[in-house]
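J.: So that we are looking at the same thing, I have put the structure below in structure tokens.
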Amino acid sequence: MTGEPKYRPWLDVAPPSDYLRNIANSATGKGYKAFAKSLLQVEEGSVVVDLGCGAGVDLPAYAKAAGRTGKVIGIDHDADLLAHAVNNASRYPTVSVTKADIHQLPLDTGSVDRIHIDRVLQHVEAPTTVLAEAARALRTDGMMVCVEPDWATLVIDHPDVTFSNAYTQHVIAQVIRNATIGRALPRLLDEAGFNVDTIYPVTAHWTDAVEADKVLGFRDVCAHAVTDGLLPATGTKNWIDDLMTGPFFGALSLFVVSAHIKSRSMSSTS
Ligand SMILES: C[S@@+](CC[C@H](N)C(=O)[O-])C[C@H]1O[C@@H](n2cnc3c(N)ncnc32)[C@H](O)[C@@H]1O
């Protein structure tokens, strides 16, 4: 599939802070975020940057890990979410937030020890530019942890498997800009000048349709898809009605990938 998605409910529209907080407080969210943090090996005094920090749900944990001599910088382009981030990190004087587009980081070259980026590359216009900027900002011994979903792994149980598969294809083609970024992380990191250390898949799953819909937004996506003539009205209504009334099972995988900067060759002056 080429070309720009036609319908973009989540693209360029910042998610509400409650949405981000709910994910961070879910069992899966807590688990993978703690794991990502452990991979990043933040030390006392580290300079840590959270790219696309949103409402700042991860800033306090990184502030604690970097200690009183460390520095934590949250960067996001959404002013409303950054206001929540300021609130979230108000007890941590080493945390600052900056409003910027992460395609062009307001960071000096080689000034950062650790970079964290969680569910952001799926939305940006140019993931390779963001990763190149991250590589530029990191010190030669710098490390990065990326967490991104791969929406081709979205499975929603329904007897009409063909419709469920069509729904997943619709999300990939029309809803999420870089829907299959999860599987591409190791390659993109390598191309941006990183050595990949760890690749760890995490599968979130839901057995409650209302809870699943809060994260996956399938009712909203279906409503727009029907309006736009991209999914059939009757079949879509029946699918949604069945999901909301019957037993529910759905799952989506994310990939946690840690990497360090490839050793840069010294430029020769002789
Ligand atoms: C799904 S949210 C994740 C927020 C946070 N990392 C978390 O785990 O809660 C994606 C975030 O990326 C931000 N974002 C998307 N594109 C951006 C860009 N080009 N520059 C800066 N922030 C961006 C959005 O504003 C949003 O806060």
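By order of appearance in the structure tokens: chains A, B, ..., then residues from 1 within every chain, and ligands from 1 in the order shown.
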Could you give me the residues within 8 Å of ligand 1, counting only C-alpha atoms and all ligand atoms, as a VMD selection string?

T.: chain A and resid 12 to 15 20 to 21 23 to 24 50 to 58 75 to 78 81 99 to 103 117 to 121 123 to 125

J.: Taking the backbone alone, and naming residues the way the document does, which bits of range 23-253 of chain A are alpha helix (DSSP H) by DSSP, as JSON, numbers by chain?

T.: {"A": [23, 24, 25, 27, 28, 29, 30, 31, 32, 33, 34, 35, 36, 37, 38, 39, 40, 59, 60, 61, 62, 63, 64, 65, 66, 79, 80, 81, 82, 83, 84, 85, 86, 87, 88, 127, 128, 129, 130, 131, 132, 133, 134, 135, 136, 137, 161, 162, 163, 164, 165, 166, 167, 168, 169, 170, 181, 182, 183, 184, 185, 186, 187, 188, 189, 190, 191, 209, 210, 211, 212, 213, 214, 215, 216, 218, 219, 220, 221, 222, 223, 224, 225, 226, 227, 233, 234, 235, 236, 237, 238, 239, 240, 241, 242, 243, 244, 245]}

J.: In range 10-206 of chain A, what's strand (DSSP E) per DSSP? Answer as a PyMOL selection string?

T.: chain A and resi 47-51+71-76+95-99+112-118+138-156+194-206

J.: So what do you get for CA of His116 in chain A versus CA of Thr153 in chain A, distance-wise?

T.: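 So the two atoms, CA of His116 in chain A and CA of Thr153 in chain A, lie 23.0 Å apart.
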
J.: Given the choices A:Asp141, A:Asp197, A:Asp242, A:Glu43, which gets closest to Asp160 in chain A if the distance is worked out from only C-alpha atoms?

T.: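 With only C-alpha atoms as the atom set, the closest residue is A:Asp242.
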